[in-house]
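Q: Take a look at the following structure, please.
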Amino acid sequence: MNEQEFIPSKYKTLLTSGTTTWRAPSNIALVKYWGKFQDQIPANPSISFTLSNAATTTSLEFERRENGNCKPSFDLLFEGKSKEEFRPKISTFFQRISKYLPFLKEYHLKIDTSNTFPHSSGIASSASGMAALALCLMDMEKRMNPSIAPDFLLKKASFLARLGSGSACRSISGPIVEWGQHKDLSDSSDLVGLPYGGKVHEVFEGYQDTILLVHKGEKIVSSTAGHDLMNNHPFAKPRFAQAHKNLSRLLTIFEKGDLPEFIEIVESEALTLHAMMMTSVPYFILMKPQTLTIIEKIWAYRKQSGVPLCFTLDAGANVHLLYPQKHTEKVLQFIKNELVVYCENGQYICDQVGGGSKKV
Ligand code: DP6
């Protein structure tokens with residue numbers, strides 16, 4: 001696979017106007033993407049669970065401009081209101097993808113987007129947001145070129161979403177998505193996220209992710225800035241090698257359903273991600289004291305109850321609790337009894353592994 005295959009040939013017709021709506025879910029990485037090269041190429045492969053309830057729905061209204069052929073022009077609404085602070089990221093996204101969707105400059109776009117999770121919950125909306133927008137744009141392209149096959153539409157949507165935010169390329173399909181070249185994944189690519197096609201044990205069906213909202217404020221260092229700090233990071237090389245190894249181990253775990261091994265890799269990946277932040281120059285910490293307390297409580301609960309509950313973190317203070325569906329009732333009780341006090345305003349989100357994006 002190379003970038004060339006995503007550059008379209010000339011369109012026969014251009015549409016005058018239209019509208020399309022897509023819903024794309026969030027995802028949680030098990031092996032983490034942290035560090036990237038030019039053009040959003042990941043420094044190591046990653047793999048994630050696609051979520052179900054935490055999602056972005058985006059409607060795109062497009063209208064052909066009389067004086068097209070310049071920069072893409074757009075209005076941006078978030079939950080019905082204009083959202084100026086999102087504009088720069090979307091502008092950069094449009095610049096990066098213009099080569100692959102040359103029709104864009106001919107249109108004025110109205111993007112209307114909303115999330116199922118509370119605004120500023122600390123849940124990254126860039127993955128689901130960029131994925132939903134990329135899908136709308138691909139839907140638009142398909143109307144101008146009906147020969148685009150459904151598989152290719154999803155693949156190119158993932159390719160485009162990656163150019164908006166790396167982890168967004170893993171928010172198109174589900175339930176498990178791989179991204180980045182890896183020796184044990186024959187079709188894997190740095191350019192797109194692909195649904196994992198290997199055997200997966202039934203214990204992972206409907207796997208739960210309860211997200212404890214520990215800190216809902218703005219992050220002190222953005223993911224993009226954090227990725228950059230992996231350049232010249234003293235531990236970058238061993239970290240990238242470790243991610244490759246962990247991914248290999250995880251593939252066997254998926255097949256065998258070995259939960260103690262699953263827990264070991266997932267928690268180690270989360271802590272390594274944050275260890276990379278703490279050993280960057282300049283260093284930074286995104287966890288909060290509550291994050292650590294929750295982790296200790298999870299470890300104690302697991303030991304005492306035998307429930308195979310583990311945690312993972314993304315680039316923030318919130319804690320994702322991962323566990324098999326059959327333990328849902330017990331774990332929710334544990335959360336209510338012991339963890340909810342560490343959540344900001346007592347808030348948490350119940351989610352589970354899901355099937356991927358959908359046209360609305
Ligand atoms: C810690 O995808 O948000 O969640 O490509 O710069 O937009 P950009 O970064 P982003 O990084 C996500 C990092 C992570 C780990 C992961 O999802 O794999």
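Residue numbers start at 1 in each chain; chains themselves are named A, B, ... in the order of the structure tokens; ligands are numbered from 1 in the order shown.
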Please give the complete set of residues from region 80-206 of chain A that DSSP, run on the backbone, assigns to helix (DSSP H, G or I), formatted as an MDAnalysis selection string.

A: chainID A and resid 84:97 102:106 126:144 150:164 166:170 202:204

Q: For the interface of chain A with ligand 1 (cut-off 8 Å, counting only C-alpha atoms and all ligand atoms), please tabulate each contacting residue of chain A alongside its nearest pair of atoms and their separation in Å to one decimal, rows sorted by chain and increasing number, as a Markdown table.

A:
| residue | atom | partner | partner_atom_place_in_ligand_line | distance |
| --- | --- | --- | --- | --- |
| A:Asn27 | CA | ligand 1 | 17 (O) | 7.3 |
| A:Ile28 | CA | ligand 1 | 17 (O) | 6.1 |
| A:Ala29 | CA | ligand 1 | 18 (O) | 4.7 |
| A:Leu30 | CA | ligand 1 | 18 (O) | 7.5 |
| A:Val31 | CA | ligand 1 | 18 (O) | 6.7 |
| A:Lys32 | CA | ligand 1 | 18 (O) | 3.9 |
| A:Tyr33 | CA | ligand 1 | 18 (O) | 3.6 |
| A:Trp34 | CA | ligand 1 | 13 (C) | 5.6 |
| A:Lys36 | CA | ligand 1 | 5 (O) | 7.6 |
| A:Gln40 | CA | ligand 1 | 5 (O) | 6.2 |
| A:Ser46 | CA | ligand 1 | 18 (O) | 6.0 |
| A:Ile47 | CA | ligand 1 | 18 (O) | 7.3 |
| A:Ser48 | CA | ligand 1 | 18 (O) | 7.3 |
| A:Ala124 | CA | ligand 1 | 3 (O) | 7.0 |
| A:Ser126 | CA | ligand 1 | 3 (O) | 6.6 |
| A:Ala127 | CA | ligand 1 | 2 (O) | 6.4 |
| A:Arg162 | CA | ligand 1 | 5 (O) | 7.0 |
| A:Leu163 | CA | ligand 1 | 5 (O) | 7.6 |
| A:Gly164 | CA | ligand 1 | 7 (O) | 6.5 |
| A:Ser165 | CA | ligand 1 | 7 (O) | 3.3 |
| A:Gly166 | CA | ligand 1 | 5 (O) | 3.4 |
| A:Ser167 | CA | ligand 1 | 2 (O) | 3.6 |
| A:Ala168 | CA | ligand 1 | 2 (O) | 6.1 |
| A:Ser222 | CA | ligand 1 | 6 (O) | 7.9 |
| A:Ser223 | CA | ligand 1 | 9 (O) | 4.9 |
| A:Thr224 | CA | ligand 1 | 6 (O) | 3.6 |
| A:Ala225 | CA | ligand 1 | 6 (O) | 7.3 |
| A:His227 | CA | ligand 1 | 6 (O) | 6.5 |
| A:Leu273 | CA | ligand 1 | 1 (C) | 6.9 |
| A:Leu313 | CA | ligand 1 | 1 (C) | 7.5 |
| A:Asp314 | CA | ligand 1 | 1 (C) | 4.3 |
| A:Ala315 | CA | ligand 1 | 1 (C) | 4.2 |
| A:Gly316 | CA | ligand 1 | 1 (C) | 7.9 |

Q: Would you write out those residues with N, CA and C atoms, as a CSV table (one decimal), in the first residue's frame?

A:
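Once written, result.csv looks like this:
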chain,number,residue,atom,x,y,z
A,27,ASN,N,-11.9,5.2,20.5
A,27,ASN,CA,-11.2,4.0,20.7
A,27,ASN,C,-10.2,4.1,21.8
A,28,ILE,N,-9.9,2.9,22.4
A,28,ILE,CA,-8.9,2.9,23.5
A,28,ILE,C,-7.8,1.9,23.1
A,29,ALA,N,-6.5,2.5,23.0
A,29,ALA,CA,-5.4,1.7,22.6
A,29,ALA,C,-5.0,0.7,23.8
A,30,LEU,N,-4.6,-0.5,23.4
A,30,LEU,CA,-4.1,-1.5,24.3
A,30,LEU,C,-2.5,-1.4,24.2
A,31,VAL,N,-2.0,-1.4,23.0
A,31,VAL,CA,-0.6,-1.1,22.8
A,31,VAL,C,-0.6,0.3,22.2
A,32,LYS,N,0.1,1.2,22.8
A,32,LYS,CA,-0.1,2.6,22.6
A,32,LYS,C,0.8,3.2,21.4
A,33,TYR,N,0.2,4.1,20.7
A,33,TYR,CA,0.9,4.9,19.7
A,33,TYR,C,1.5,6.2,20.5
A,34,TRP,N,2.8,6.3,20.5
A,34,TRP,CA,3.4,7.5,21.2
A,34,TRP,C,4.7,7.7,20.5
A,36,LYS,N,5.9,9.9,16.6
A,36,LYS,CA,5.5,9.8,15.2
A,36,LYS,C,6.5,10.5,14.3
A,40,GLN,N,2.4,12.1,9.9
A,40,GLN,CA,1.6,11.2,10.7
A,40,GLN,C,1.9,9.7,10.6
A,46,SER,N,0.3,0.0,16.8
A,46,SER,CA,-0.6,0.1,18.0
A,46,SER,C,-1.8,-0.8,17.7
A,47,ILE,N,-2.6,-1.1,18.7
A,47,ILE,CA,-3.8,-1.9,18.5
A,47,ILE,C,-4.8,-1.4,19.5
A,48,SER,N,-6.1,-1.3,19.1
A,48,SER,CA,-7.1,-0.7,20.1
A,48,SER,C,-8.4,-1.5,20.0
A,124,ALA,N,-10.6,12.3,24.7
A,124,ALA,CA,-10.2,12.9,23.4
A,124,ALA,C,-11.3,12.7,22.4
A,126,SER,N,-10.8,14.0,19.4
A,126,SER,CA,-10.2,14.2,18.1
A,126,SER,C,-10.2,12.9,17.3
A,127,ALA,N,-10.1,11.7,18.0
A,127,ALA,CA,-10.2,10.5,17.2
A,127,ALA,C,-11.5,10.2,16.6
A,162,ARG,N,-6.3,9.6,9.7
A,162,ARG,CA,-4.9,9.6,10.3
A,162,ARG,C,-4.2,10.9,10.1
A,163,LEU,N,-4.5,11.6,9.0
A,163,LEU,CA,-3.9,12.8,8.7
A,163,LEU,C,-4.4,14.0,9.6
A,164,GLY,N,-5.6,13.7,10.2
A,164,GLY,CA,-6.2,14.6,11.1
A,164,GLY,C,-5.7,14.4,12.5
A,165,SER,N,-5.7,13.2,12.9
A,165,SER,CA,-5.2,12.8,14.2
A,165,SER,C,-4.8,11.3,14.1
A,166,GLY,N,-3.6,10.9,14.5
A,166,GLY,CA,-3.2,9.5,14.3
A,166,GLY,C,-4.1,8.5,14.8
A,167,SER,N,-4.6,8.6,16.0
A,167,SER,CA,-5.4,7.5,16.6
A,167,SER,C,-6.8,7.5,15.9
A,168,ALA,N,-7.2,8.6,15.2
A,168,ALA,CA,-8.5,8.6,14.5
A,168,ALA,C,-8.6,7.5,13.5
A,222,SER,N,-0.3,18.9,25.0
A,222,SER,CA,-1.2,18.2,24.0
A,222,SER,C,-0.5,16.9,23.6
A,223,SER,N,-1.3,16.0,23.0
A,223,SER,CA,-0.8,14.7,22.5
A,223,SER,C,0.3,15.0,21.4
A,224,THR,N,-0.1,16.0,20.5
A,224,THR,CA,0.9,16.3,19.4
A,224,THR,C,2.2,16.7,20.0
A,225,ALA,N,2.2,17.6,21.0
A,225,ALA,CA,3.5,18.0,21.6
A,225,ALA,C,4.2,16.8,22.3
A,227,HIS,N,4.0,13.6,21.5
A,227,HIS,CA,4.6,12.8,20.4
A,227,HIS,C,5.9,13.4,20.0
A,273,LEU,N,3.6,4.5,28.8
A,273,LEU,CA,3.2,5.7,28.1
A,273,LEU,C,3.5,6.9,29.0
A,313,LEU,N,-4.7,3.8,30.4
A,313,LEU,CA,-4.8,5.3,30.5
A,313,LEU,C,-4.5,5.8,29.1
A,314,ASP,N,-5.1,6.9,28.7
A,314,ASP,CA,-4.5,7.5,27.5
A,314,ASP,C,-3.8,8.8,27.9
A,315,ALA,N,-3.6,9.8,27.0
A,315,ALA,CA,-2.8,10.9,27.4
A,315,ALA,C,-3.6,11.9,28.2
A,316,GLY,N,-3.9,11.5,29.5
A,316,GLY,CA,-4.6,12.3,30.4
A,316,GLY,C,-4.7,11.6,31.7

Q: Which residue, A:Lys216, A:Asn232, A:Phe284, A:Gln181, has the smallest gap to Leu247 (chain A) when you use only C-alpha atoms?

A: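 Selected residue with least distance to Leu247 (chain A): A:Gln181.
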
Q: If you count only C-alpha atoms, which residues fall within 10 Å of Pro234 (chain A), apart from same-chain ones fewer than 3 positions away, as a list in words?

A: Met230, Asn231, Lys237, Pro238, Arg239, Met276, Thr279, Ser280 and Val281 of chain A

Q: Using C-alpha atoms, can you write the selected residues to a file as a PDB file, in the first residue's frame?

A:
ATOM      1  CA  MET A 230       9.726  11.223  21.560  1.00  0.00           C
ATOM      2  CA  ASN A 231      12.206  12.620  19.012  1.00  0.00           C
ATOM      3  CA  LYS A 237      14.398   3.061  20.777  1.00  0.00           C
ATOM      4  CA  PRO A 238      13.726   0.487  23.508  1.00  0.00           C
ATOM      5  CA  ARG A 239      10.148   1.785  23.841  1.00  0.00           C
ATOM      6  CA  MET A 276       7.754   8.304  28.535  1.00  0.00           C
ATOM      7  CA  THR A 279      11.256  11.102  31.148  1.00  0.00           C
ATOM      8  CA  SER A 280      10.834  13.499  28.202  1.00  0.00           C
ATOM      9  CA  VAL A 281      12.863  16.688  28.078  1.00  0.00           C
TER      10      VAL A 281
END

Q: Could you pull the residues within 10 Å of Asn345 (chain A), counting only C-alpha atoms, minus those fewer than 6 positions along the same chain, as a VMD selection string?

A: chain A and resid 213 to 216

Q: Would you write out those residues with N, CA, C and O atoms, as an mmCIF file, in the first residue's frame?

A:
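Resulting contents of out14.cif:
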data_model
loop_
_atom_site.group_PDB
_atom_site.id
_atom_site.type_symbol
_atom_site.label_atom_id
_atom_site.label_comp_id
_atom_site.auth_asym_id
_atom_site.auth_seq_id
_atom_site.Cartn_x
_atom_site.Cartn_y
_atom_site.Cartn_z
ATOM 1 N N LEU A 213 -13.912 9.643 34.958
ATOM 2 C CA LEU A 213 -13.509 11.005 34.580
ATOM 3 C C LEU A 213 -12.868 11.699 35.788
ATOM 4 O O LEU A 213 -13.564 12.221 36.650
ATOM 5 N N VAL A 214 -11.555 11.625 35.822
ATOM 6 C CA VAL A 214 -10.809 12.111 36.976
ATOM 7 C C VAL A 214 -10.536 13.610 36.874
ATOM 8 O O VAL A 214 -10.600 14.346 37.846
ATOM 9 N N HIS A 215 -10.213 14.030 35.649
ATOM 10 C CA HIS A 215 -9.866 15.441 35.480
ATOM 11 C C HIS A 215 -10.384 15.900 34.122
ATOM 12 O O HIS A 215 -9.979 15.367 33.088
ATOM 13 N N LYS A 216 -11.277 16.898 34.163
ATOM 14 C CA LYS A 216 -11.940 17.265 32.927
ATOM 15 C C LYS A 216 -11.347 18.521 32.286
ATOM 16 O O LYS A 216 -11.777 18.938 31.236
#

Q: Report as a ChimeraX atom specification all protein, DNA and RNA residues lying within 9 Å of region 80-83 of chain A, evaluated on only C-alpha atoms, omitting residues in the same chain fewer than 6 positions from it.

A: /A:112-114

Q: Could you produce a table of the residues of region 221-295 of chain A lying within 9 Å of region 305-312 of chain A, with the nearest pair of atoms per residue and their separation in Å rounded to one decimal, using only C-alpha atoms, ordered by chain and increasing residue number, as a tab-separated table?

A:
residue	atom	partner	partner_atom	distance
A:Leu259	CA	A:Pro308	CA	6.7
A:Pro260	CA	A:Pro308	CA	7.3
A:Phe262	CA	A:Cys310	CA	8.9
A:Ile263	CA	A:Cys310	CA	5.8
A:Glu264	CA	A:Cys310	CA	8.6
A:Val266	CA	A:Thr312	CA	6.3
A:Glu267	CA	A:Thr312	CA	5.7
A:Ser268	CA	A:Thr312	CA	8.7
A:Glu269	CA	A:Thr312	CA	7.8
A:Ala270	CA	A:Thr312	CA	5.2
A:Leu271	CA	A:Thr312	CA	8.1
A:Ile295	CA	A:Phe311	CA	7.2

Q: Could the residues in this selection be written to a file with C-alpha atoms, as a PDB file, in the first residue's frame?

A:
ATOM      1  CA  LEU A 259      -6.472 -12.669  30.970  1.00  0.00           C
ATOM      2  CA  PRO A 260      -3.542 -12.491  33.461  1.00  0.00           C
ATOM      3  CA  PHE A 262      -3.642  -9.481  28.934  1.00  0.00           C
ATOM      4  CA  ILE A 263      -3.674  -7.490  32.159  1.00  0.00           C
ATOM      5  CA  GLU A 264       0.116  -7.474  32.387  1.00  0.00           C
ATOM      6  CA  VAL A 266      -2.264  -3.537  29.026  1.00  0.00           C
ATOM      7  CA  GLU A 267      -1.253  -2.047  32.379  1.00  0.00           C
ATOM      8  CA  SER A 268       2.425  -2.039  31.448  1.00  0.00           C
ATOM      9  CA  GLU A 269       1.623  -0.193  28.202  1.00  0.00           C
ATOM     10  CA  ALA A 270      -0.364   2.442  30.104  1.00  0.00           C
ATOM     11  CA  LEU A 271       2.381   3.004  32.662  1.00  0.00           C
ATOM     12  CA  ILE A 295      -4.816   2.257  40.226  1.00  0.00           C
TER      13      ILE A 295
END

Q: Between CA of Lys336 (chain A) and CA of Lys297 (chain A), what is the distance, to one decimal in Å?

A: 12.6 Å

Q: Identify all residues of region 81-149 of chain A in strand (DSSP E or B) (DSSP on the backbone) and supply them as a list in words.

A: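 DSSP-assigned strand (DSSP E or B) residues in region 81-149 of chain A: Lys81, Ser82, Tyr107, His108, Leu109, Lys110, Ile111, Asp112, Thr113, Ser114 and Asn115 of chain A.
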
Q: Can you write out the residues you just picked, keeping N, CA, C and O atoms, as an mmCIF file, in the first residue's frame?

A:
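Printed below is again_35.cif as written:
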data_model
loop_
_atom_site.group_PDB
_atom_site.id
_atom_site.type_symbol
_atom_site.label_atom_id
_atom_site.label_comp_id
_atom_site.auth_asym_id
_atom_site.auth_seq_id
_atom_site.Cartn_x
_atom_site.Cartn_y
_atom_site.Cartn_z
ATOM 1 N N LYS A 81 -23.376 25.245 17.949
ATOM 2 C CA LYS A 81 -22.808 26.587 18.131
ATOM 3 C C LYS A 81 -21.443 26.687 17.444
ATOM 4 O O LYS A 81 -20.699 25.704 17.416
ATOM 5 N N SER A 82 -21.122 27.874 16.971
ATOM 6 C CA SER A 82 -19.851 28.072 16.281
ATOM 7 C C SER A 82 -18.678 27.802 17.231
ATOM 8 O O SER A 82 -18.734 28.147 18.420
ATOM 9 N N TYR A 107 -15.683 23.640 -2.911
ATOM 10 C CA TYR A 107 -16.896 23.643 -2.079
ATOM 11 C C TYR A 107 -16.801 24.529 -0.849
ATOM 12 O O TYR A 107 -15.718 24.770 -0.310
ATOM 13 N N HIS A 108 -17.977 24.952 -0.412
ATOM 14 C CA HIS A 108 -18.088 25.499 0.940
ATOM 15 C C HIS A 108 -18.752 24.408 1.783
ATOM 16 O O HIS A 108 -19.764 23.831 1.383
ATOM 17 N N LEU A 109 -18.153 24.140 2.959
ATOM 18 C CA LEU A 109 -18.652 23.051 3.807
ATOM 19 C C LEU A 109 -19.209 23.611 5.102
ATOM 20 O O LEU A 109 -18.643 24.545 5.667
ATOM 21 N N LYS A 110 -20.306 23.010 5.541
ATOM 22 C CA LYS A 110 -20.798 23.325 6.878
ATOM 23 C C LYS A 110 -20.706 22.044 7.701
ATOM 24 O O LYS A 110 -21.376 21.052 7.390
ATOM 25 N N ILE A 111 -19.846 22.102 8.718
ATOM 26 C CA ILE A 111 -19.601 20.908 9.540
ATOM 27 C C ILE A 111 -20.316 21.103 10.866
ATOM 28 O O ILE A 111 -20.062 22.074 11.579
ATOM 29 N N ASP A 112 -21.205 20.169 11.181
ATOM 30 C CA ASP A 112 -21.949 20.269 12.445
ATOM 31 C C ASP A 112 -21.687 18.998 13.236
ATOM 32 O O ASP A 112 -22.030 17.908 12.796
ATOM 33 N N THR A 113 -21.047 19.136 14.392
ATOM 34 C CA THR A 113 -20.574 17.956 15.082
ATOM 35 C C THR A 113 -21.012 17.936 16.551
ATOM 36 O O THR A 113 -21.155 18.993 17.170
ATOM 37 N N SER A 114 -21.281 16.750 17.070
ATOM 38 C CA SER A 114 -21.625 16.647 18.492
ATOM 39 C C SER A 114 -21.125 15.313 19.047
ATOM 40 O O SER A 114 -20.981 14.339 18.300
ATOM 41 N N ASN A 115 -20.841 15.295 20.335
ATOM 42 C CA ASN A 115 -20.324 14.089 20.989
ATOM 43 C C ASN A 115 -21.380 13.506 21.921
ATOM 44 O O ASN A 115 -22.193 14.238 22.474
#

Q: Report as JSON lines the residues of region 83-138 of chain A within 9 Å of region 19-25 of chain A, each with its shortest atom pair and distance in Å (one decimal), using only C-alpha atoms, ordered by chain and increasing residue number.

A:
{"residue": "A:Ala127", "atom": "CA", "partner": "A:Pro25", "partner_atom": "CA", "distance": 8.1}
{"residue": "A:Ser128", "atom": "CA", "partner": "A:Pro25", "partner_atom": "CA", "distance": 5.2}
{"residue": "A:Gly129", "atom": "CA", "partner": "A:Ala24", "partner_atom": "CA", "distance": 7.2}
{"residue": "A:Met130", "atom": "CA", "partner": "A:Ala24", "partner_atom": "CA", "distance": 8.6}
{"residue": "A:Ala131", "atom": "CA", "partner": "A:Ala24", "partner_atom": "CA", "distance": 6.0}
{"residue": "A:Ala132", "atom": "CA", "partner": "A:Ala24", "partner_atom": "CA", "distance": 4.9}
{"residue": "A:Leu133", "atom": "CA", "partner": "A:Trp22", "partner_atom": "CA", "distance": 7.6}
{"residue": "A:Leu135", "atom": "CA", "partner": "A:Trp22", "partner_atom": "CA", "distance": 6.5}
{"residue": "A:Cys136", "atom": "CA", "partner": "A:Thr20", "partner_atom": "CA", "distance": 6.0}
{"residue": "A:Leu137", "atom": "CA", "partner": "A:Thr20", "partner_atom": "CA", "distance": 8.6}

Q: Thr210 (chain A): which residues within 7 Å, counting only C-alpha atoms, same-chain residues fewer than 4 positions away excluded, as a list of chain:residue names?

A: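 Here the answer would be A:His320, A:Leu321, A:Leu322, A:Tyr348, A:Ile349, A:Cys350, A:Asp351.
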
Q: Restricting the calculation to only C-alpha atoms, which member of A:Tyr301, A:Arg65, A:Ile148, A:Lys219 is positioned closest to Asn337 (chain A)?

A: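 The answer is A:Tyr301, which sits nearest to Asn337 (chain A).
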
Q: Please identify all polymer residues within 12 Å of Ser73 (chain A), counting only C-alpha atoms, omitting same-chain residues fewer than 6 positions from it, and present them as a ChimeraX atom specification.

A: /A:61-65,67,87,90-91,94-95,103-111

Q: Can you measure CA of Leu251 (chain A) to CA of Gly354 (chain A) for me? One decimal in Å is fine.

A: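 The value is 18.7 Å.
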